[in-house]
>>> print(open('query-v6.pdb').read())   # PDB, C-alpha atoms
MODEL        1
ATOM      1  CA  MET N  13      14.631  20.247 -17.843
ATOM      2  CA  PHE N  14      14.471  23.018 -15.292
ATOM      3  CA  LEU N  15      17.549  24.437 -13.651
ATOM      4  CA  VAL N  16      17.278  25.577 -10.060
ATOM      5  CA  LYS N  17      19.459  28.013  -8.194
ATOM      6  CA  PHE N  18      19.526  28.266  -4.414
ATOM      7  CA  ILE N  19      20.926  31.509  -3.115
ATOM      8  CA  CYS N  20      21.480  32.422   0.515
ATOM      9  CA  MET N  21      20.954  36.149   0.918
ATOM     10  CA  ASP N  22      22.441  36.129   4.380
ATOM     11  CA  ARG N  23      26.066  37.044   3.713
ATOM     12  CA  ASP N  24      25.702  40.301   5.610
ATOM     13  CA  ARG N  25      24.549  38.672   8.849
ATOM     14  CA  LYS N  26      27.256  40.545  10.764
ATOM     15  CA  LEU N  27      25.499  43.770   9.883
ATOM     16  CA  ARG N  28      22.144  42.571  11.219
ATOM     17  CA  PRO N  29      20.758  40.890  14.340
ATOM     18  CA  ALA N  30      21.627  37.181  14.348
ATOM     19  CA  THR N  31      17.970  36.182  14.274
ATOM     20  CA  GLU N  32      17.279  37.905  10.942
ATOM     21  CA  PHE N  33      17.752  35.978   7.692
ATOM     22  CA  ALA N  34      16.576  35.780   4.091
ATOM     23  CA  ASN N  35      16.845  32.651   1.930
ATOM     24  CA  PHE N  36      15.987  32.998  -1.752
ATOM     25  CA  GLY N  37      15.429  30.350  -4.423
ATOM     26  CA  LEU N  38      14.940  30.661  -8.185
ATOM     27  CA  PHE N  39      13.147  27.988 -10.216
ATOM     28  CA  GLU N  40      14.495  28.668 -13.677
ATOM     29  CA  GLY N  41      12.973  27.652 -16.980
ATOM     30  CA  ALA N  42       9.557  28.400 -18.426
ATOM     31  CA  LEU N  43       7.918  29.120 -15.048
ATOM     32  CA  GLN N  44      10.482  31.561 -13.583
ATOM     33  CA  ILE N  45       9.008  31.233 -10.078
ATOM     34  CA  GLU N  46      10.954  32.638  -7.126
ATOM     35  CA  GLY N  47      10.708  31.686  -3.456
ATOM     36  CA  LEU N  48      11.702  33.484  -0.251
ATOM     37  CA  HIS N  49      11.843  32.518   3.431
ATOM     38  CA  ALA N  50      12.756  35.450   5.638
ATOM     39  CA  LYS N  51      12.605  36.844   9.135
ATOM     40  CA  PHE N  52      13.127  40.420  10.231
ATOM     41  CA  ASN N  53      12.945  42.211  13.562
ATOM     42  CA  ILE N  54      13.761  45.861  12.960
ATOM     43  CA  HIS N  55      14.195  45.993   9.184
ATOM     44  CA  GLU N  56      11.544  47.964   7.283
ATOM     45  CA  PHE N  57      10.988  47.605   3.552
ATOM     46  CA  ALA N  58      10.626  50.794   1.569
ATOM     47  CA  THR N  59       7.459  51.113  -0.488
ATOM     48  CA  HIS N  60       7.954  49.040  -3.626
ATOM     49  CA  ALA N  61       6.161  46.853  -6.185
ATOM     50  CA  HIS N  62       6.914  43.627  -8.059
ATOM     51  CA  ASP N  63       6.337  42.802 -11.701
ATOM     52  CA  THR N  64       4.996  39.410 -10.562
ATOM     53  CA  TRP N  65       2.292  38.207  -8.209
ATOM     54  CA  ALA N  66       3.572  38.157  -4.619
ATOM     55  CA  ILE N  67       1.887  35.330  -2.717
ATOM     56  CA  GLY N  68       2.830  35.203   0.939
ATOM     57  CA  SER N  69       2.176  33.546   4.276
ATOM     58  CA  VAL N  70       3.260  34.632   7.755
ATOM     59  CA  VAL N  71       4.806  31.844   9.841
ATOM     60  CA  SER N  72       5.119  33.743  13.114
ATOM     61  CA  GLY N  73       4.663  37.286  14.331
ATOM     62  CA  SER N  74       2.840  39.723  12.053
ATOM     63  CA  LYS N  75       3.598  42.453   9.554
ATOM     64  CA  ASP N  76       2.032  45.537   8.074
ATOM     65  CA  ILE N  77       2.281  45.595   4.267
ATOM     66  CA  SER N  78       0.606  49.000   3.846
ATOM     67  CA  ALA N  79       2.316  51.295   1.360
ATOM     68  CA  LYS N  80       1.628  54.406   3.442
ATOM     69  CA  ARG N  81       2.318  55.250   7.051
ATOM     70  CA  GLY N  82      -0.840  55.435   9.080
ATOM     71  CA  ALA N  83      -2.710  52.882   6.962
ATOM     72  CA  LYS N  84      -2.967  49.321   8.225
ATOM     73  CA  HIS N  85      -2.864  46.125   6.187
ATOM     74  CA  ILE N  86      -1.902  43.535   8.788
ATOM     75  CA  VAL N  87      -1.005  39.931   8.018
ATOM     76  CA  SER N  88      -0.698  37.662  11.061
ATOM     77  CA  ALA N  89       0.635  34.160  11.668
ATOM     78  CA  GLY N  90      -1.370  31.510   9.822
ATOM     79  CA  GLU N  91      -2.704  33.963   7.236
ATOM     80  CA  TRP N  92      -1.833  34.293   3.546
ATOM     81  CA  TYR N  93      -2.364  36.894   0.864
ATOM     82  CA  ALA N  94      -1.739  37.611  -2.823
ATOM     83  CA  LEU N  95      -0.598  40.961  -4.206
ATOM     84  CA  PRO N  96      -1.043  41.582  -7.939
ATOM     85  CA  PRO N  97       1.829  42.908 -10.073
ATOM     86  CA  HIS N  98       2.758  46.591  -9.739
ATOM     87  CA  LEU N  99       0.776  47.122  -6.523
ATOM     88  CA  PRO N 100       2.741  49.389  -4.145
ATOM     89  CA  HIS N 101       3.299  47.870  -0.705
ATOM     90  CA  ALA N 102       5.862  47.828   2.082
ATOM     91  CA  GLY N 103       6.746  45.595   5.000
ATOM     92  CA  ARG N 104       7.378  46.230   8.668
ATOM     93  CA  SER N 105       7.037  44.129  11.792
ATOM     94  CA  VAL N 106       4.029  44.969  13.918
ATOM     95  CA  ALA N 107       5.441  43.420  17.079
ATOM     96  CA  ASP N 108       8.965  42.158  17.807
ATOM     97  CA  HIS N 109       9.472  40.149  14.629
ATOM     98  CA  CYS N 110       7.933  38.675  11.489
ATOM     99  CA  GLU N 111       8.857  35.382   9.824
ATOM    100  CA  TYR N 112       7.234  34.757   6.463
ATOM    101  CA  LEU N 113       7.429  32.910   3.128
ATOM    102  CA  MET N 114       6.777  34.265  -0.357
ATOM    103  CA  LEU N 115       6.267  33.014  -3.884
ATOM    104  CA  TYR N 116       6.796  35.380  -6.804
ATOM    105  CA  VAL N 117       4.846  34.107  -9.805
ATOM    106  CA  PRO N 118       4.711  35.711 -13.284
ATOM    107  CA  ASP N 119       1.323  37.234 -14.040
ATOM    108  CA  ALA N 120       0.610  35.055 -17.087
ATOM    109  CA  GLU N 121       1.428  31.826 -15.224
ATOM    110  CA  TRP N 122      -0.716  32.711 -12.190
ATOM    111  CA  ARG N 123      -3.659  33.756 -14.342
ATOM    112  CA  ASP N 124      -3.367  30.544 -16.373
ATOM    113  CA  GLN N 125      -3.508  28.471 -13.195
ATOM    114  CA  CYS N 126      -6.454  30.466 -11.868
ATOM    115  CA  ALA N 127      -8.291  30.050 -15.176
ATOM    116  CA  ALA N 128      -7.700  26.316 -15.088
ATOM    117  CA  TYR N 129      -9.624  26.084 -11.806
ATOM    118  CA  GLY N 130     -12.304  28.652 -12.590
ATOM    119  CA  VAL N 131     -10.890  31.299 -10.246
ATOM    120  CA  ASP N 132     -10.846  35.051 -10.816
ATOM    121  CA  PRO N 133      -7.453  36.118  -9.429
ATOM    122  CA  ASP N 134      -8.765  39.607  -8.784
ATOM    123  CA  ASP N 135     -11.371  38.206  -6.361
ATOM    124  CA  PHE N 136      -8.782  37.587  -3.676
ATOM    125  CA  ALA N 137      -6.015  39.964  -4.764
ATOM    126  CA  SER N 138      -4.704  41.996  -1.814
ATOM    127  CA  LYS N 139      -7.119  40.277   0.574
ATOM    128  CA  VAL N 140      -5.843  38.464   3.656
ATOM    129  CA  SER N 141      -7.149  34.917   4.019
ATOM    130  CA  SER N 142      -7.604  33.528   7.512
ATOM    131  CA  GLN N 143      -7.722  29.910   6.318
ATOM    132  CA  PRO N 144      -4.853  28.274   8.270
ATOM    133  CA  GLN N 145      -4.919  25.144   6.095
ATOM    134  CA  LEU N 146      -4.181  27.145   2.952
ATOM    135  CA  ALA N 147      -1.426  29.030   4.747
ATOM    136  CA  ARG N 148       0.112  25.691   5.760
ATOM    137  CA  HIS N 149       0.006  24.490   2.145
ATOM    138  CA  LEU N 150       1.822  27.623   1.036
ATOM    139  CA  THR N 151       4.374  27.260   3.822
ATOM    140  CA  SER N 152       4.952  23.608   2.933
ATOM    141  CA  PHE N 153       5.397  24.341  -0.759
ATOM    142  CA  VAL N 154       7.859  27.199  -0.272
ATOM    143  CA  SER N 155       9.833  25.080   2.194
ATOM    144  CA  LEU N 156       9.968  22.282  -0.382
ATOM    145  CA  PHE N 157      10.974  24.827  -3.013
ATOM    146  CA  LEU N 158      13.921  26.095  -0.949
ATOM    147  CA  ARG N 159      15.110  22.866   0.689
ATOM    148  CA  HIS N 160      14.580  20.372  -2.134
ATOM    149  CA  PRO N 161      14.520  22.317  -5.417
ATOM    150  CA  ASP N 162      15.498  19.119  -7.267
ATOM    151  CA  ARG N 163      11.990  17.796  -6.705
ATOM    152  CA  LEU N 164      10.529  20.723  -8.601
ATOM    153  CA  ALA N 165      13.172  20.381 -11.292
ATOM    154  CA  ARG N 166      12.419  16.681 -11.725
ATOM    155  CA  TRP N 167       8.662  17.073 -11.860
ATOM    156  CA  ALA N 168       7.023  20.423 -12.585
ATOM    157  CA  GLY N 169       3.705  18.805 -11.639
ATOM    158  CA  GLU N 170       4.474  19.734  -8.028
ATOM    159  CA  TRP N 171       3.589  23.324  -8.913
ATOM    160  CA  SER N 172       0.301  22.310 -10.551
ATOM    161  CA  LEU N 173      -0.599  20.099  -7.605
ATOM    162  CA  PHE N 174       0.039  23.008  -5.262
ATOM    163  CA  CYS N 175      -2.271  25.243  -7.312
ATOM    164  CA  GLU N 176      -4.857  22.480  -7.346
ATOM    165  CA  THR N 177      -4.781  22.488  -3.543
ATOM    166  CA  ILE N 178      -5.067  26.213  -2.838
ATOM    167  CA  LEU N 179      -7.216  27.533  -5.702
ATOM    168  CA  PRO N 180     -10.474  25.478  -5.691
ATOM    169  CA  PRO N 181     -11.864  27.194  -2.543
ATOM    170  CA  TYR N 182     -11.967  30.396  -4.609
ATOM    171  CA  ARG N 183     -13.670  28.803  -7.608
ATOM    172  CA  ARG N 184     -16.547  30.739  -9.142
ATOM    173  CA  SER N 185     -19.850  29.038  -8.418
ATOM    174  CA  GLU N 186     -21.361  27.170 -11.336
ATOM    175  CA  SER N 187     -24.795  25.718 -11.785
ATOM    176  CA  ALA N 188     -24.874  21.972 -11.413
ATOM    177  CA  ARG N 189     -24.397  20.083 -14.625
ATOM    178  CA  SER N 190     -27.210  17.770 -15.703
ATOM    179  CA  ASP N 191     -26.850  14.021 -16.169
ATOM    180  CA  SER N 192     -27.168  14.519 -19.906
ATOM    181  CA  ALA N 193     -24.280  16.995 -19.866
ATOM    182  CA  ARG N 194     -22.160  14.455 -17.975
ATOM    183  CA  HIS N 195     -23.209  11.790 -20.465
ATOM    184  CA  CYS N 196     -22.087  13.996 -23.354
ATOM    185  CA  ALA N 197     -18.805  14.753 -21.603
ATOM    186  CA  ASP N 198     -18.064  11.015 -21.449
ATOM    187  CA  ARG N 199     -17.946  11.081 -25.233
ATOM    188  CA  ASP N 200     -15.884  14.248 -25.490
ATOM    189  CA  PRO N 201     -13.110  13.345 -27.958
ATOM    190  CA  GLY N 202     -10.886  16.180 -26.723
ATOM    191  CA  VAL N 203     -10.924  14.978 -23.130
ATOM    192  CA  LEU N 204     -10.405  11.403 -24.255
ATOM    193  CA  ARG N 205      -7.348  12.489 -26.242
ATOM    194  CA  ALA N 206      -5.978  14.245 -23.161
ATOM    195  CA  HIS N 207      -6.643  11.131 -21.085
ATOM    196  CA  GLU N 208      -4.778   8.892 -23.524
ATOM    197  CA  TYR N 209      -1.928  11.408 -23.656
ATOM    198  CA  LEU N 210      -1.581  11.271 -19.879
ATOM    199  CA  LYS N 211      -1.615   7.488 -19.885
ATOM    200  CA  GLU N 212       1.112   7.386 -22.530
ATOM    201  CA  PHE N 213       3.356   9.994 -20.914
ATOM    202  CA  TRP N 214       2.477   9.418 -17.257
ATOM    203  CA  ASP N 215       6.149   9.498 -16.168
ATOM    204  CA  GLN N 216       7.019  12.754 -17.937
ATOM    205  CA  ASN N 217       6.437  16.451 -17.224
ATOM    206  CA  VAL N 218       3.055  17.074 -18.853
ATOM    207  CA  SER N 219       1.814  20.640 -18.506
ATOM    208  CA  LEU N 220      -1.790  21.775 -18.578
ATOM    209  CA  ALA N 221      -0.917  23.778 -21.680
ATOM    210  CA  ASP N 222       0.289  20.588 -23.410
ATOM    211  CA  LEU N 223      -2.909  18.764 -22.494
ATOM    212  CA  ALA N 224      -5.106  21.674 -23.535
ATOM    213  CA  ARG N 225      -3.468  21.704 -26.961
ATOM    214  CA  GLU N 226      -3.976  17.958 -27.232
ATOM    215  CA  ALA N 227      -7.654  18.381 -26.335
ATOM    216  CA  SER N 228      -8.119  21.528 -28.478
ATOM    217  CA  MET N 229      -9.662  23.527 -25.627
ATOM    218  CA  SER N 230      -8.696  25.999 -22.908
ATOM    219  CA  THR N 231      -6.961  24.795 -19.746
ATOM    220  CA  TYR N 232     -10.006  25.786 -17.693
ATOM    221  CA  GLU N 233     -12.420  23.863 -19.903
ATOM    222  CA  LEU N 234     -10.127  20.840 -19.937
ATOM    223  CA  CYS N 235      -9.829  20.757 -16.131
ATOM    224  CA  ARG N 236     -13.586  21.134 -15.748
ATOM    225  CA  ARG N 237     -14.526  18.433 -18.237
ATOM    226  CA  PHE N 238     -11.744  16.061 -17.183
ATOM    227  CA  SER N 239     -12.829  16.297 -13.533
ATOM    228  CA  VAL N 240     -16.449  15.558 -14.469
ATOM    229  CA  ILE N 241     -15.483  12.363 -16.287
ATOM    230  CA  TYR N 242     -12.641  11.008 -14.168
ATOM    231  CA  GLY N 243     -13.297  12.618 -10.789
ATOM    232  CA  LEU N 244      -9.751  14.017 -10.641
ATOM    233  CA  THR N 245      -7.961  16.967 -12.183
ATOM    234  CA  PRO N 246      -5.417  16.031 -14.890
ATOM    235  CA  HIS N 247      -2.346  16.409 -12.683
ATOM    236  CA  ARG N 248      -3.952  14.537  -9.809
ATOM    237  CA  TYR N 249      -4.801  11.778 -12.272
ATOM    238  CA  GLN N 250      -1.173  11.711 -13.420
ATOM    239  CA  LEU N 251       0.036  11.536  -9.819
ATOM    240  CA  VAL N 252      -2.208   8.519  -9.191
ATOM    241  CA  LEU N 253      -0.842   6.855 -12.337
ATOM    242  CA  ARG N 254       2.696   7.375 -11.045
ATOM    243  CA  VAL N 255       1.892   6.002  -7.618
ATOM    244  CA  THR N 256       0.034   2.944  -8.929
ATOM    245  CA  ASN N 257       2.908   2.177 -11.289
ATOM    246  CA  ALA N 258       5.310   2.597  -8.393
ATOM    247  CA  LYS N 259       3.301   0.133  -6.295
ATOM    248  CA  ALA N 260       3.335  -2.445  -9.104
ATOM    249  CA  LYS N 261       7.107  -2.146  -9.448
ATOM    250  CA  LEU N 262       7.602  -2.508  -5.691
ATOM    251  CA  LEU N 263       5.517  -5.675  -5.659
ATOM    252  CA  GLN N 264       7.709  -7.021  -8.463
ATOM    253  CA  GLY N 265      10.770  -6.616  -6.241
ATOM    254  CA  THR N 266      12.264  -3.391  -7.604
ATOM    255  CA  SER N 267      14.101  -1.356  -4.979
ATOM    256  CA  ILE N 268      12.460   1.795  -3.634
ATOM    257  CA  SER N 269      15.256   4.014  -4.958
ATOM    258  CA  ASN N 270      14.953   2.559  -8.470
ATOM    259  CA  VAL N 271      11.172   2.816  -8.364
ATOM    260  CA  ALA N 272      11.391   6.493  -7.415
ATOM    261  CA  SER N 273      13.658   7.160 -10.397
ATOM    262  CA  ASP N 274      11.610   5.028 -12.805
ATOM    263  CA  THR N 275       8.318   6.726 -11.942
ATOM    264  CA  GLY N 276       9.460  10.340 -12.174
ATOM    265  CA  PHE N 277      10.093  11.133  -8.504
ATOM    266  CA  SER N 278      13.354  12.799  -7.482
ATOM    267  CA  ASP N 279      14.151  10.476  -4.564
ATOM    268  CA  GLN N 280      12.675   8.024  -2.048
ATOM    269  CA  SER N 281      11.390  10.767   0.218
ATOM    270  CA  HIS N 282       9.577  12.446  -2.651
ATOM    271  CA  LEU N 283       7.994   9.139  -3.675
ATOM    272  CA  GLY N 284       7.075   8.308  -0.079
ATOM    273  CA  ARG N 285       5.258  11.581   0.515
ATOM    274  CA  HIS N 286       2.987  11.209  -2.499
ATOM    275  CA  PHE N 287       2.691   7.436  -2.125
ATOM    276  CA  LYS N 288       1.279   7.790   1.381
ATOM    277  CA  SER N 289      -1.004  10.676   0.385
ATOM    278  CA  VAL N 290      -2.635   8.484  -2.272
ATOM    279  CA  LEU N 291      -2.532   4.971  -0.769
ATOM    280  CA  GLY N 292      -2.303   5.689   2.953
ATOM    281  CA  LEU N 293       0.822   3.560   3.435
ATOM    282  CA  THR N 294       4.512   3.873   2.756
ATOM    283  CA  PRO N 295       6.519   2.212  -0.029
ATOM    284  CA  GLY N 296       8.397   0.328   2.693
ATOM    285  CA  ALA N 297       5.169  -1.277   3.890
ATOM    286  CA  VAL N 298       4.504  -2.570   0.376
ATOM    287  CA  VAL N 299       8.053  -3.937   0.126
ATOM    288  CA  ARG N 300       7.741  -5.748   3.471
ATOM    289  CA  GLU N 301       4.451  -7.309   2.426
ATOM    290  CA  ALA N 302       5.918  -8.419  -0.918
ATOM    291  CA  VAL N 303       8.855 -10.057   0.899
ATOM    292  CA  ARG N 304       6.505 -11.752   3.363
ATOM    293  CA  ALA N 305       4.291 -13.092   0.574
ATOM    294  CA  LYS N 306       7.260 -14.539  -1.296
ATOM    295  CA  GLY N 307       8.466 -16.221   1.868
ATOM    296  CA  LYS N 308       5.314 -18.261   2.273
TER     297      LYS N 308
ENDMDL
END
>>> encode(input="query-v6.pdb", output="structure tokens")
Amino acid sequence: MFLVKFICMDRDRKLRPATEFANFGLFEGALQIEGLHAKFNIHEFATHAHDTWAIGSVVSGSKDISAKRGAKHIVSAGEWYALPPHLPHAGRSVADHCEYLMLYVPDAEWRDQCAAYGVDPDDFASKVSSQPQLARHLTSFVSLFLRHPDRLARWAGEWSLFCETILPPYRRSESARSDSARHCADRDPGVLRAHEYLKEFWDQNVSLADLAREASMSTYELCRRFSVIYGLTPHRYQLVLRVTNAKAKLLQGTSISNVASDTGFSDQSHLGRHFKSVLGLTPGAVVREAVRAKGK
């Protein structure tokens, strides 16, 4: 089980303008991912580098992350970027302020996730993306990370689902697979083993590495073949299994709080968010309908 620390880095507020802050979270365990939500007005970061990937999104304002004075590498509100390990950079507000969020992800973990979705991490390293939807996903995930770290601790699949959301747009193009290739994939014993593994352990933290070992193939090959056969990536498939099991339990009269616990979600809110994303309705709506049906 993962341990999570939440640290407020704002103890020296008296030394800084009241509007500046920095909140830092550490997701301990195998992943060792860090999160940061900060705002600065006049503070300037000295040129530095991280030993992890630094994946960031600007919430408001804009900042220059150039390592050298005179050069410009501007990131504005609604944009996101990824800096590879050991790349020198800095940080200074271009206008009156900059509010931003960051994830710091170990190189091996980020490259594993990119490989799973057929993405070359170097293709978008250091580039600023102007896709607001992806920036919102990053903002939402870091906010979840900092405000509700228990949800990540309870189910590490949240991280995989986040990667599944932001990485596919950068997937390397592949030639279309033929019907015969799809037909052969249906009989792929490795993928079938992974599928059965997910069905057996649907309510537990199942990593892509675990599934890849079960299937005797790389994480990338597993994700590709699994998606061809089942139309969903492995973690999305597991999420659907959790939600469908949750719906069945609700219809049987189990309380929402107990269902959330029984199906691997940290609390009712966590269950509700994913429940609605999959089924388009809330757990409460299912409960009300179950009560109405019994009353007939």
>>> residues_around(input="query-v6.pdb", residues="N:Thr64", least_positions_apart="6", cutoff="10 Å", atoms="all atoms listed in the file", output="number ranges by chain")
N: 45-46, 95-99, 115-122
>>> resolve_selection(input="query-v6.pdb", expression="the PyMOL selection byres ((chain N and resi 223) around 9)", output="list in words")
Val203, Arg205, Ala206, His207, Tyr209, Leu210, Val218, Ser219, Leu220, Ala221, Asp222, Ala224, Arg225, Glu226, Ala227, Ser228, Met229, Thr231, Leu234 and Pro246 of chain N
>>> closest_residue(input="query-v6.pdb", among="N:Phe36, N:Tyr232, N:Phe157, N:Tyr93", to="N:Ala66", atoms="only C-alpha atoms")
N:Tyr93
>>> closest_residue(input="query-v6.pdb", among="N:Lys75, N:Arg254, N:Arg184, N:Arg248", to="N:Glu212", atoms="only C-alpha atoms")
N:Arg254
>>> residues_around(input="query-v6.pdb", residues="N:Arg123", least_positions_apart="5", cutoff="10 Å", atoms="all atoms listed in the file", output="ChimeraX atom specification")
/N:65,117-118,128,131-134
>>> closest_residue(input="query-v6.pdb", among="N:Val271, N:Ile77, N:Leu204, N:Leu253", to="N:Ile241", atoms="all atoms listed in the file")
N:Leu204
>>> closest_residue(input="query-v6.pdb", among="N:Phe52, N:Phe238, N:Phe153, N:Phe136", to="N:Val106", atoms="all atoms listed in the file")
N:Phe52
>>> resolve_selection(input="query-v6.pdb", expression="the PyMOL selection byres ((chain N and resi 263) around 9)", output="ChimeraX atom specification")
/N:258-262,264-266,298-299,301-303
>>> write_last_selection(input="query-v6.pdb", atoms="C-alpha atoms", output="PDB file, keeping the file's coordinate frame")
ATOM      1  CA  ALA N 258       5.310   2.597  -8.393  1.00  0.00           C
ATOM      2  CA  LYS N 259       3.301   0.133  -6.295  1.00  0.00           C
ATOM      3  CA  ALA N 260       3.335  -2.445  -9.104  1.00  0.00           C
ATOM      4  CA  LYS N 261       7.107  -2.146  -9.448  1.00  0.00           C
ATOM      5  CA  LEU N 262       7.602  -2.508  -5.691  1.00  0.00           C
ATOM      6  CA  GLN N 264       7.709  -7.021  -8.463  1.00  0.00           C
ATOM      7  CA  GLY N 265      10.770  -6.616  -6.241  1.00  0.00           C
ATOM      8  CA  THR N 266      12.264  -3.391  -7.604  1.00  0.00           C
ATOM      9  CA  VAL N 298       4.504  -2.570   0.376  1.00  0.00           C
ATOM     10  CA  VAL N 299       8.053  -3.937   0.126  1.00  0.00           C
ATOM     11  CA  GLU N 301       4.451  -7.309   2.426  1.00  0.00           C
ATOM     12  CA  ALA N 302       5.918  -8.419  -0.918  1.00  0.00           C
ATOM     13  CA  VAL N 303       8.855 -10.057   0.899  1.00  0.00           C
TER      14      VAL N 303
END
>>> build_atoms(input="query-v6.pdb", residues="stretch 108-125 of chain N", atoms="N, CA, C and O atoms", output="tab-separated table (two decimals), in the frame of the given file")
chain	number	residue	atom	x	y	z
N	108	ASP	N	7.51	42.25	17.67
N	108	ASP	CA	8.96	42.16	17.81
N	108	ASP	C	9.64	41.49	16.62
N	108	ASP	O	10.86	41.58	16.46
N	109	HIS	N	8.86	40.80	15.78
N	109	HIS	CA	9.47	40.15	14.63
N	109	HIS	C	8.39	39.72	13.64
N	109	HIS	O	7.20	39.76	13.94
N	110	CYS	N	8.83	39.29	12.46
N	110	CYS	CA	7.93	38.67	11.49
N	110	CYS	C	8.73	37.67	10.67
N	110	CYS	O	9.75	38.01	10.07
N	111	GLU	N	8.28	36.42	10.67
N	111	GLU	CA	8.86	35.38	9.82
N	111	GLU	C	7.82	35.01	8.78
N	111	GLU	O	6.66	34.77	9.11
N	112	TYR	N	8.21	34.96	7.52
N	112	TYR	CA	7.23	34.76	6.46
N	112	TYR	C	7.86	34.04	5.26
N	112	TYR	O	9.09	33.92	5.14
N	113	LEU	N	7.00	33.54	4.37
N	113	LEU	CA	7.43	32.91	3.13
N	113	LEU	C	6.69	33.56	1.97
N	113	LEU	O	5.54	33.95	2.12
N	114	MET	N	7.37	33.63	0.81
N	114	MET	CA	6.78	34.26	-0.36
N	114	MET	C	7.04	33.44	-1.61
N	114	MET	O	8.08	32.79	-1.74
N	115	LEU	N	6.08	33.48	-2.52
N	115	LEU	CA	6.27	33.01	-3.88
N	115	LEU	C	6.08	34.21	-4.81
N	115	LEU	O	5.14	35.00	-4.61
N	116	TYR	N	6.93	34.33	-5.81
N	116	TYR	CA	6.80	35.38	-6.80
N	116	TYR	C	6.54	34.70	-8.14
N	116	TYR	O	7.42	34.02	-8.69
N	117	VAL	N	5.31	34.86	-8.64
N	117	VAL	CA	4.85	34.11	-9.80
N	117	VAL	C	4.50	35.07	-10.94
N	117	VAL	O	3.73	36.01	-10.74
N	118	PRO	N	5.04	34.84	-12.14
N	118	PRO	CA	4.71	35.71	-13.28
N	118	PRO	C	3.21	35.80	-13.49
N	118	PRO	O	2.47	34.83	-13.29
N	119	ASP	N	2.75	36.97	-13.90
N	119	ASP	CA	1.32	37.23	-14.04
N	119	ASP	C	0.64	36.23	-14.97
N	119	ASP	O	-0.42	35.69	-14.63
N	120	ALA	N	1.24	35.96	-16.12
N	120	ALA	CA	0.61	35.06	-17.09
N	120	ALA	C	0.46	33.66	-16.52
N	120	ALA	O	-0.58	33.01	-16.68
N	121	GLU	N	1.48	33.17	-15.80
N	121	GLU	CA	1.43	31.83	-15.22
N	121	GLU	C	0.36	31.74	-14.15
N	121	GLU	O	-0.42	30.77	-14.09
N	122	TRP	N	0.27	32.75	-13.27
N	122	TRP	CA	-0.72	32.71	-12.19
N	122	TRP	C	-2.13	32.80	-12.74
N	122	TRP	O	-3.03	32.09	-12.30
N	123	ARG	N	-2.32	33.64	-13.75
N	123	ARG	CA	-3.66	33.76	-14.34
N	123	ARG	C	-4.05	32.48	-15.09
N	123	ARG	O	-5.21	32.10	-15.10
N	124	ASP	N	-3.08	31.82	-15.71
N	124	ASP	CA	-3.37	30.54	-16.37
N	124	ASP	C	-3.82	29.50	-15.36
N	124	ASP	O	-4.77	28.75	-15.60
N	125	GLN	N	-3.12	29.44	-14.22
N	125	GLN	CA	-3.51	28.47	-13.20
N	125	GLN	C	-4.88	28.80	-12.62
N	125	GLN	O	-5.71	27.91	-12.39
